[in-house]
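See below for the structure under consideration.
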Amino acid sequence: MPQRCDVVVLLSGTGGNLQAMIDSLHERASPARICAVISNRADAFGLERAARAGIATHVLDHTAYEGREAFDAALIQAIDAFQPALVVLAGFMRILTPGFVRHYHGRLLNIHPSLLPLYKGLHTHQRVLDAGGAEHGCSVHFVTEELDGGPLVVQAVVSVELHDTPATLAQKVHAREHLIYPLAIRWFAEGRLTLDEHGASLDGEPLGPSGHLIRY
Ligand code: GRF
């Protein structure tokens with residue numbers, strides 16, 4: 001088993017992805033260990049999930065800081081106190097400064113509810129339906145300074161059915177998120193997933209423009 005990989009999770013909301021990570025780490029041995037969950041919102045349900053699992057929690061209220069730079073500097077301090085090998089964004093509803101992103105280059109992952117590069121930003125399920133798309137899904141990617149634009153690691157594809165609504169699509173996509181995010185974290189923790197100047201690689205093989213593609 002490779003060396004232990006400490007992970008800090010950042011979230012703002014319900015923490016469905018956090019729960020999937022916790023459950024997956026319970027089910028199968030992994031070098032990954034969630035050492036802390038940090039939220040910018042004290043009322044985030046994800047904090048409760050973390051506490052129940054015995055994981056350290058920390059709240060950093062962004063409204064208490066004068067601007068993004070000051071908040072991100074404090075956030076870096078809070079994260080680095082745990083000395084994580086990996087930082088994971090799991091519904092963290094803040095735009096991060098370039099300095100923050102650079103600080104964690106190659107060890108900062110995000111999940112987005114669309115098949116990137118399609119539908120960056122918000123309201124992805126509604127936008128897929130409006131466009132009459134036949135496929136939708138979610139993507140795990142390394143975070144770079146481009147919003148929702150970093151090298152892709154893994155994508156899960158779901159088909160859009162005639163009767164789908166934003167709510168049913170969200171449900172399908174969330175279920176896939178809960179499979180692919182723990183998978184990507186496991187790869188990283190095992191030293192199989194890396195980022196260098198050529199992009200993301202798995203087991204030394206370039207992942208290519210779409211990352212690893214899974215059709216469930
Ligand atoms: C997910 O849809 C994820 O793709 C997006 O934020 C949402 C977080 O959901 N980045 P949860 O709090 O993990 O349930």
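Letters A, B, ... go to the chains of the structure tokens in the order shown; residues in each chain start at 1; ligands are counted from 1 in the same order.
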Any chance you could tabulate, as CSV, the residues of chain A at most 8 Å from ligand 1 with each one's nearest atom pair and distance in Å to one decimal, using only C-alpha atoms and all ligand atoms, in chain and rising number order?
```
residue,atom,partner,partner_atom_place_in_ligand_line,distance
A:Leu11,CA,ligand 1,12 (O),6.7
A:Ser12,CA,ligand 1,12 (O),6.9
A:Gly13,CA,ligand 1,12 (O),4.6
A:Thr14,CA,ligand 1,12 (O),4.0
A:Gly15,CA,ligand 1,12 (O),3.5
A:Gly16,CA,ligand 1,14 (O),3.3
A:Asn17,CA,ligand 1,13 (O),3.7
A:Leu18,CA,ligand 1,13 (O),5.9
A:Gln19,CA,ligand 1,13 (O),7.8
A:Gly46,CA,ligand 1,12 (O),6.9
A:Leu89,CA,ligand 1,10 (N),7.3
A:Ala90,CA,ligand 1,13 (O),5.2
A:Gly91,CA,ligand 1,6 (O),3.5
A:Phe92,CA,ligand 1,10 (N),6.7
A:Met93,CA,ligand 1,6 (O),7.6
A:Asn110,CA,ligand 1,10 (N),6.8
A:Ile111,CA,ligand 1,4 (O),4.9
A:His112,CA,ligand 1,4 (O),4.0
A:Pro113,CA,ligand 1,4 (O),4.2
A:Ser114,CA,ligand 1,4 (O),7.8
A:Cys138,CA,ligand 1,4 (O),6.8
A:Ser139,CA,ligand 1,4 (O),7.9
A:Ala170,CA,ligand 1,2 (O),7.5
A:Val173,CA,ligand 1,2 (O),7.6
A:His174,CA,ligand 1,2 (O),6.0
A:Glu177,CA,ligand 1,4 (O),6.8
```
Enumerate the residues of stretch 79-145 of chain A with a DSSP assignment of alpha helix (DSSP H), computed from the backbone, and present them as an MDAnalysis selection string. chainID A and resid 79:80 98:103 124:130
May I have the residues from that selection written out with all heavy atoms, as a CSV table (one decimal), in the first residue's frame?
```csv
chain,number,residue,atom,x,y,z
A,79,ILE,N,-6.2,25.3,5.5
A,79,ILE,CA,-6.0,24.0,4.8
A,79,ILE,C,-4.6,23.5,5.1
A,79,ILE,O,-4.5,22.3,5.5
A,79,ILE,CB,-6.1,24.1,3.2
A,79,ILE,CG1,-7.6,24.5,2.9
A,79,ILE,CG2,-5.7,22.9,2.6
A,79,ILE,CD1,-7.7,24.9,1.4
A,80,ASP,N,-3.6,24.3,5.0
A,80,ASP,CA,-2.2,23.9,5.2
A,80,ASP,C,-1.9,23.4,6.6
A,80,ASP,O,-1.0,22.7,6.8
A,80,ASP,CB,-1.3,24.9,4.6
A,80,ASP,CG,-1.3,25.0,3.1
A,80,ASP,OD1,-2.0,24.1,2.5
A,80,ASP,OD2,-0.6,25.9,2.5
A,98,PRO,N,-6.5,33.2,-8.5
A,98,PRO,CA,-5.4,32.5,-9.2
A,98,PRO,C,-4.3,32.0,-8.2
A,98,PRO,O,-3.7,31.0,-8.4
A,98,PRO,CB,-4.9,33.5,-10.2
A,98,PRO,CG,-6.0,34.4,-10.4
A,98,PRO,CD,-6.8,34.5,-9.1
A,99,GLY,N,-4.0,32.9,-7.2
A,99,GLY,CA,-3.0,32.5,-6.2
A,99,GLY,C,-3.3,31.2,-5.5
A,99,GLY,O,-2.4,30.4,-5.2
A,100,PHE,N,-4.6,31.1,-5.1
A,100,PHE,CA,-5.0,29.9,-4.4
A,100,PHE,C,-4.8,28.7,-5.3
A,100,PHE,O,-4.3,27.6,-4.9
A,100,PHE,CB,-6.5,30.0,-4.0
A,100,PHE,CG,-7.0,28.8,-3.3
A,100,PHE,CD1,-7.1,28.8,-1.9
A,100,PHE,CD2,-7.5,27.7,-3.9
A,100,PHE,CE1,-7.6,27.7,-1.2
A,100,PHE,CE2,-8.0,26.6,-3.2
A,100,PHE,CZ,-8.0,26.6,-1.9
A,101,VAL,N,-5.3,28.8,-6.6
A,101,VAL,CA,-5.3,27.7,-7.5
A,101,VAL,C,-3.8,27.3,-7.8
A,101,VAL,O,-3.5,26.1,-7.8
A,101,VAL,CB,-6.0,28.1,-8.8
A,101,VAL,CG1,-5.8,27.0,-9.9
A,101,VAL,CG2,-7.5,28.3,-8.5
A,102,ARG,N,-2.9,28.3,-7.9
A,102,ARG,CA,-1.5,28.0,-8.2
A,102,ARG,C,-0.9,27.2,-7.0
A,102,ARG,O,-0.1,26.3,-7.1
A,102,ARG,CB,-0.7,29.2,-8.5
A,102,ARG,CG,-0.8,29.6,-9.9
A,102,ARG,CD,0.3,30.7,-10.3
A,102,ARG,NE,0.1,31.9,-9.5
A,102,ARG,CZ,-0.6,32.9,-9.8
A,102,ARG,NH1,-1.2,33.0,-11.0
A,102,ARG,NH2,-0.7,34.0,-9.0
A,103,HIS,N,-1.3,27.7,-5.8
A,103,HIS,CA,-0.7,27.1,-4.6
A,103,HIS,C,-0.9,25.6,-4.5
A,103,HIS,O,-0.1,24.8,-4.0
A,103,HIS,CB,-1.3,27.8,-3.3
A,103,HIS,CG,-0.8,27.4,-2.0
A,103,HIS,ND1,0.4,27.9,-1.5
A,103,HIS,CD2,-1.2,26.5,-1.1
A,103,HIS,CE1,0.7,27.3,-0.3
A,103,HIS,NE2,-0.3,26.4,-0.1
A,124,THR,N,-26.7,23.6,-15.0
A,124,THR,CA,-26.3,22.7,-16.1
A,124,THR,C,-27.5,21.8,-16.6
A,124,THR,O,-27.6,21.6,-17.8
A,124,THR,CB,-25.1,21.9,-15.7
A,124,THR,OG1,-25.5,21.1,-14.6
A,124,THR,CG2,-23.9,22.7,-15.4
A,125,HIS,N,-28.3,21.3,-15.7
A,125,HIS,CA,-29.3,20.3,-16.1
A,125,HIS,C,-30.4,21.0,-17.0
A,125,HIS,O,-30.8,20.5,-18.0
A,125,HIS,CB,-30.0,19.7,-14.8
A,125,HIS,CG,-29.0,19.2,-13.8
A,125,HIS,ND1,-27.9,18.4,-14.2
A,125,HIS,CD2,-28.8,19.5,-12.5
A,125,HIS,CE1,-27.2,18.2,-13.1
A,125,HIS,NE2,-27.7,18.9,-12.1
A,126,GLN,N,-30.8,22.2,-16.5
A,126,GLN,CA,-31.7,23.0,-17.3
A,126,GLN,C,-31.2,23.3,-18.7
A,126,GLN,O,-31.9,23.2,-19.7
A,126,GLN,CB,-32.1,24.3,-16.6
A,126,GLN,CG,-33.1,25.1,-17.3
A,126,GLN,CD,-34.5,24.5,-17.3
A,126,GLN,OE1,-35.0,24.2,-16.3
A,126,GLN,NE2,-35.0,24.2,-18.5
A,127,ARG,N,-29.9,23.7,-18.7
A,127,ARG,CA,-29.3,24.1,-20.0
A,127,ARG,C,-29.2,22.9,-21.0
A,127,ARG,O,-29.4,23.1,-22.2
A,127,ARG,CB,-27.9,24.7,-19.7
A,127,ARG,CG,-28.1,26.1,-19.1
A,127,ARG,CD,-26.8,26.6,-18.4
A,127,ARG,NE,-25.7,26.8,-19.3
A,127,ARG,CZ,-24.4,26.7,-18.8
A,127,ARG,NH1,-24.2,26.5,-17.5
A,127,ARG,NH2,-23.4,26.9,-19.7
A,128,VAL,N,-28.9,21.7,-20.5
A,128,VAL,CA,-28.9,20.5,-21.4
A,128,VAL,C,-30.2,20.3,-22.0
A,128,VAL,O,-30.4,20.0,-23.2
A,128,VAL,CB,-28.4,19.3,-20.6
A,128,VAL,CG1,-28.6,18.0,-21.4
A,128,VAL,CG2,-27.0,19.4,-20.1
A,129,LEU,N,-31.3,20.4,-21.1
A,129,LEU,CA,-32.6,20.2,-21.6
A,129,LEU,C,-33.0,21.3,-22.6
A,129,LEU,O,-33.6,20.9,-23.7
A,129,LEU,CB,-33.6,20.2,-20.4
A,129,LEU,CG,-33.5,19.0,-19.5
A,129,LEU,CD1,-34.4,19.2,-18.3
A,129,LEU,CD2,-33.9,17.7,-20.2
A,130,ASP,N,-32.7,22.5,-22.3
A,130,ASP,CA,-33.0,23.6,-23.3
A,130,ASP,C,-32.4,23.4,-24.6
A,130,ASP,O,-32.9,23.7,-25.7
A,130,ASP,CB,-32.5,24.9,-22.7
A,130,ASP,CG,-33.4,25.4,-21.5
A,130,ASP,OD1,-34.4,24.8,-21.2
A,130,ASP,OD2,-32.9,26.3,-20.8
```
Excluding stretch 20-25 of chain A and any residue of its chain fewer than 6 positions from it, enumerate the residues within 10 Å of it, using only C-alpha atoms, and give them as a short mmCIF file (atom, residue, chain, number, x, y, z; two decimals) with all heavy atoms, in the first residue's frame.
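around.cif, freshly written:
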```
data_model
loop_
_atom_site.label_atom_id
_atom_site.label_comp_id
_atom_site.auth_asym_id
_atom_site.auth_seq_id
_atom_site.Cartn_x
_atom_site.Cartn_y
_atom_site.Cartn_z
N VAL A 9 -11.34 18.34 2.34
CA VAL A 9 -12.51 18.55 1.48
C VAL A 9 -13.09 19.94 1.80
O VAL A 9 -13.29 20.28 2.97
CB VAL A 9 -13.59 17.47 1.75
CG1 VAL A 9 -14.83 17.72 0.90
CG2 VAL A 9 -13.02 16.07 1.47
N PRO A 31 -5.25 4.33 0.52
CA PRO A 31 -4.31 5.20 1.24
C PRO A 31 -4.91 6.56 1.54
O PRO A 31 -4.35 7.33 2.32
CB PRO A 31 -3.12 5.32 0.28
CG PRO A 31 -3.57 4.79 -1.03
CD PRO A 31 -4.83 4.01 -0.84
N ALA A 32 -6.07 6.89 0.94
CA ALA A 32 -6.69 8.21 1.18
C ALA A 32 -7.33 8.24 2.56
O ALA A 32 -7.91 7.26 3.02
CB ALA A 32 -7.75 8.48 0.11
N ARG A 33 -7.21 9.40 3.21
CA ARG A 33 -7.85 9.62 4.51
C ARG A 33 -8.32 11.07 4.55
O ARG A 33 -7.51 11.98 4.28
CB ARG A 33 -6.81 9.39 5.61
CG ARG A 33 -7.40 9.42 7.01
CD ARG A 33 -6.28 9.42 8.05
NE ARG A 33 -5.66 10.74 8.13
CZ ARG A 33 -5.70 11.54 9.21
NH1 ARG A 33 -6.29 11.13 10.30
NH2 ARG A 33 -5.12 12.72 9.20
N ILE A 34 -9.60 11.27 4.80
CA ILE A 34 -10.10 12.65 4.87
C ILE A 34 -9.71 13.19 6.24
O ILE A 34 -10.18 12.69 7.27
CB ILE A 34 -11.62 12.71 4.66
CG1 ILE A 34 -12.00 12.08 3.32
CG2 ILE A 34 -12.11 14.16 4.73
CD1 ILE A 34 -13.48 11.92 3.08
N ARG A 49 -22.20 15.79 8.47
CA ARG A 49 -21.78 14.47 7.97
C ARG A 49 -20.34 14.18 8.40
O ARG A 49 -20.01 13.06 8.79
CB ARG A 49 -21.84 14.44 6.44
CG ARG A 49 -23.23 14.59 5.84
CD ARG A 49 -23.05 14.42 4.33
NE ARG A 49 -24.18 14.81 3.54
CZ ARG A 49 -25.17 14.00 3.16
NH1 ARG A 49 -25.17 12.73 3.54
NH2 ARG A 49 -26.14 14.44 2.39
N ALA A 50 -19.49 15.21 8.30
CA ALA A 50 -18.08 15.04 8.67
C ALA A 50 -17.96 14.71 10.15
O ALA A 50 -17.27 13.75 10.53
CB ALA A 50 -17.30 16.32 8.34
N ALA A 53 -18.76 11.30 11.10
CA ALA A 53 -17.75 10.33 10.69
C ALA A 53 -16.44 10.54 11.47
O ALA A 53 -15.42 9.92 11.16
CB ALA A 53 -17.51 10.43 9.18
N ILE A 55 -14.58 13.26 11.55
CA ILE A 55 -13.61 14.05 10.79
C ILE A 55 -13.59 15.48 11.33
O ILE A 55 -14.65 16.06 11.61
CB ILE A 55 -13.99 14.06 9.28
CG1 ILE A 55 -13.98 12.63 8.71
CG2 ILE A 55 -13.08 14.97 8.48
CD1 ILE A 55 -14.62 12.51 7.33
N ALA A 175 -25.92 10.66 -8.67
CA ALA A 175 -25.59 9.25 -8.41
C ALA A 175 -24.26 8.89 -9.07
O ALA A 175 -23.45 8.16 -8.49
CB ALA A 175 -26.71 8.35 -8.92
N GLU A 177 -21.87 11.12 -9.84
CA GLU A 177 -20.82 11.87 -9.14
C GLU A 177 -20.28 11.04 -7.98
O GLU A 177 -19.09 11.00 -7.72
CB GLU A 177 -21.37 13.20 -8.60
CG GLU A 177 -21.68 14.22 -9.66
CD GLU A 177 -22.08 15.56 -9.06
OE1 GLU A 177 -22.02 15.75 -7.84
OE2 GLU A 177 -22.46 16.45 -9.84
N HIS A 178 -21.23 10.38 -7.29
CA HIS A 178 -20.86 9.65 -6.08
C HIS A 178 -20.04 8.41 -6.39
O HIS A 178 -19.46 7.80 -5.49
CB HIS A 178 -22.11 9.32 -5.27
CG HIS A 178 -22.85 10.56 -4.84
ND1 HIS A 178 -24.10 10.54 -4.29
CD2 HIS A 178 -22.48 11.88 -4.90
CE1 HIS A 178 -24.49 11.79 -4.03
NE2 HIS A 178 -23.51 12.61 -4.39
N LEU A 179 -19.99 8.03 -7.67
CA LEU A 179 -19.13 6.92 -8.08
C LEU A 179 -17.77 7.41 -8.57
O LEU A 179 -16.73 6.87 -8.22
CB LEU A 179 -19.82 6.11 -9.19
CG LEU A 179 -21.15 5.46 -8.78
CD1 LEU A 179 -21.84 4.84 -9.98
CD2 LEU A 179 -20.91 4.40 -7.71
N ILE A 180 -17.80 8.47 -9.40
CA ILE A 180 -16.53 8.84 -10.03
C ILE A 180 -15.62 9.69 -9.15
O ILE A 180 -14.40 9.66 -9.32
CB ILE A 180 -16.71 9.51 -11.42
CG1 ILE A 180 -17.43 10.87 -11.33
CG2 ILE A 180 -17.40 8.56 -12.39
CD1 ILE A 180 -17.39 11.64 -12.65
N TYR A 181 -16.20 10.44 -8.18
CA TYR A 181 -15.30 11.27 -7.36
C TYR A 181 -14.45 10.39 -6.42
O TYR A 181 -13.22 10.54 -6.39
CB TYR A 181 -16.09 12.32 -6.58
CG TYR A 181 -15.39 13.68 -6.47
CD1 TYR A 181 -16.00 14.76 -5.84
CD2 TYR A 181 -14.13 13.87 -7.01
CE1 TYR A 181 -15.36 16.00 -5.75
CE2 TYR A 181 -13.49 15.10 -6.92
CZ TYR A 181 -14.11 16.16 -6.29
OH TYR A 181 -13.48 17.38 -6.21
N PRO A 182 -15.08 9.43 -5.71
CA PRO A 182 -14.25 8.54 -4.90
C PRO A 182 -13.22 7.78 -5.73
O PRO A 182 -12.10 7.54 -5.29
CB PRO A 182 -15.27 7.57 -4.28
CG PRO A 182 -16.55 8.36 -4.24
CD PRO A 182 -16.52 9.19 -5.49
N LEU A 183 -13.60 7.44 -6.96
CA LEU A 183 -12.68 6.72 -7.84
C LEU A 183 -11.45 7.58 -8.15
O LEU A 183 -10.30 7.13 -8.04
CB LEU A 183 -13.42 6.36 -9.14
CG LEU A 183 -12.62 5.62 -10.21
CD1 LEU A 183 -12.24 4.23 -9.71
CD2 LEU A 183 -13.44 5.50 -11.51
N ILE A 185 -10.29 10.08 -6.46
CA ILE A 185 -9.50 10.30 -5.24
C ILE A 185 -8.65 9.07 -4.94
O ILE A 185 -7.48 9.17 -4.56
CB ILE A 185 -10.45 10.64 -4.06
CG1 ILE A 185 -11.07 12.02 -4.31
CG2 ILE A 185 -9.72 10.60 -2.72
CD1 ILE A 185 -12.25 12.35 -3.42
N ARG A 186 -9.23 7.91 -5.14
CA ARG A 186 -8.49 6.67 -4.93
C ARG A 186 -7.28 6.60 -5.88
O ARG A 186 -6.16 6.29 -5.47
CB ARG A 186 -9.43 5.48 -5.18
CG ARG A 186 -8.86 4.12 -4.87
CD ARG A 186 -9.93 3.05 -5.08
NE ARG A 186 -11.03 3.19 -4.15
CZ ARG A 186 -11.01 2.69 -2.91
NH1 ARG A 186 -9.95 2.03 -2.48
NH2 ARG A 186 -12.03 2.85 -2.10
#
```
Would you return as a ChimeraX atom specification the members of chain A that DSSP assigns to strand (DSSP E or B) on this structure's backbone? /A:5-11,32-39,56-59,86-89,108-112,135-142,152-159,193-196,199-202,205-206,212-215
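Summary of the local environment: counting only C-alpha atoms, residues at most 6 Å from A:Glu135, other than itself and those fewer than 2 positions away along its chain, are Gly133, Val158, Ser159 and Val160 of chain A.
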Restricted to all heavy atoms, what would the selected residues look like written as an mmCIF file, in the first residue's frame?
```cif
data_model
loop_
_atom_site.group_PDB
_atom_site.id
_atom_site.type_symbol
_atom_site.label_atom_id
_atom_site.label_comp_id
_atom_site.auth_asym_id
_atom_site.auth_seq_id
_atom_site.Cartn_x
_atom_site.Cartn_y
_atom_site.Cartn_z
ATOM 1 N N GLY A 133 -30.091 18.302 -25.635
ATOM 2 C CA GLY A 133 -28.946 17.372 -25.626
ATOM 3 C C GLY A 133 -29.396 15.934 -25.379
ATOM 4 O O GLY A 133 -30.337 15.697 -24.621
ATOM 5 N N VAL A 158 -24.562 10.013 -18.853
ATOM 6 C CA VAL A 158 -25.909 9.457 -18.713
ATOM 7 C C VAL A 158 -26.717 9.908 -19.931
ATOM 8 O O VAL A 158 -26.438 10.970 -20.500
ATOM 9 C CB VAL A 158 -26.627 9.938 -17.430
ATOM 10 C CG1 VAL A 158 -25.854 9.556 -16.196
ATOM 11 C CG2 VAL A 158 -26.897 11.428 -17.441
ATOM 12 N N SER A 159 -27.718 9.120 -20.321
ATOM 13 C CA SER A 159 -28.514 9.577 -21.457
ATOM 14 C C SER A 159 -29.688 10.411 -20.954
ATOM 15 O O SER A 159 -30.216 10.185 -19.869
ATOM 16 C CB SER A 159 -28.971 8.401 -22.329
ATOM 17 O OG SER A 159 -29.488 7.410 -21.517
ATOM 18 N N VAL A 160 -30.057 11.370 -21.784
ATOM 19 C CA VAL A 160 -31.192 12.241 -21.450
ATOM 20 C C VAL A 160 -32.423 11.620 -22.109
ATOM 21 O O VAL A 160 -32.442 11.398 -23.315
ATOM 22 C CB VAL A 160 -30.964 13.671 -21.990
ATOM 23 C CG1 VAL A 160 -32.147 14.563 -21.640
ATOM 24 C CG2 VAL A 160 -29.668 14.259 -21.436
#
```
Please provide as a PyMOL selection string all residues within 9 Å of A:Tyr216, with the sequence filter that same-chain residues fewer than 2 positions apart are discarded (counting only C-alpha atoms). chain A and resi 156-158+176+214
Limited to N, CA and C atoms, could you put the picked residues into a file as an mmCIF file, in the first residue's frame?
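Contents of the output file result_3.cif:
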```cif
data_model
loop_
_atom_site.group_PDB
_atom_site.id
_atom_site.type_symbol
_atom_site.label_atom_id
_atom_site.label_comp_id
_atom_site.auth_asym_id
_atom_site.auth_seq_id
_atom_site.Cartn_x
_atom_site.Cartn_y
_atom_site.Cartn_z
ATOM 1 N N ALA A 156 -18.537 10.714 -16.338
ATOM 2 C CA ALA A 156 -19.583 9.689 -16.397
ATOM 3 C C ALA A 156 -20.701 10.231 -17.274
ATOM 4 N N VAL A 157 -21.132 9.415 -18.212
ATOM 5 C CA VAL A 157 -22.146 9.837 -19.176
ATOM 6 C C VAL A 157 -23.488 9.203 -18.827
ATOM 7 N N VAL A 158 -24.562 10.013 -18.853
ATOM 8 C CA VAL A 158 -25.909 9.457 -18.713
ATOM 9 C C VAL A 158 -26.717 9.908 -19.931
ATOM 10 N N ARG A 176 -24.032 9.429 -10.265
ATOM 11 C CA ARG A 176 -22.755 9.149 -10.972
ATOM 12 C C ARG A 176 -21.596 9.885 -10.312
ATOM 13 N N ILE A 214 -16.725 6.971 -18.635
ATOM 14 C CA ILE A 214 -17.483 5.821 -18.149
ATOM 15 C C ILE A 214 -18.948 6.015 -18.539
#
```
Set the distance at 12 Å and use only C-alpha atoms: which residues neighbour A:Leu195 once local chain neighbours fewer than 6 positions away are removed? I'd like the list as a ChimeraX atom specification. /A:104-109,141-144,150-153,188,201-208,211
Residue among A:Ala184, A:Ala134, A:Val87, A:Leu75 lying closest to A:Glu161, counting only C-alpha atoms: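 Of A:Ala184, A:Ala134, A:Val87, A:Leu75, the one nearest A:Glu161 is A:Ala134, counting only C-alpha atoms.
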Nearest-residue call for A:Asp6, choices A:Ala189, A:Asp72, A:Asp148, A:Leu122, using only C-alpha atoms: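 Nearest to A:Asp6: A:Ala189.
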Residue contacts of stretch 63-68 of chain A (9 Å, only C-alpha atoms) excluding same-chain residues fewer than 4 positions away, as a list in words: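 Close residues of stretch 63-68 of chain A: Asn40, Asp72, Ala73, Ala74, Ile95, Leu96 and Thr97 of chain A.
With distances restricted to only C-alpha atoms, A:Val59 is the closest residue to A:Ala78 from A:Ala131, A:Val59, A:Leu47, A:Cys5.
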Å distance separating atom CA of A:Asp43 from atom CA of A:Leu10, one decimal place: 13.7 Å
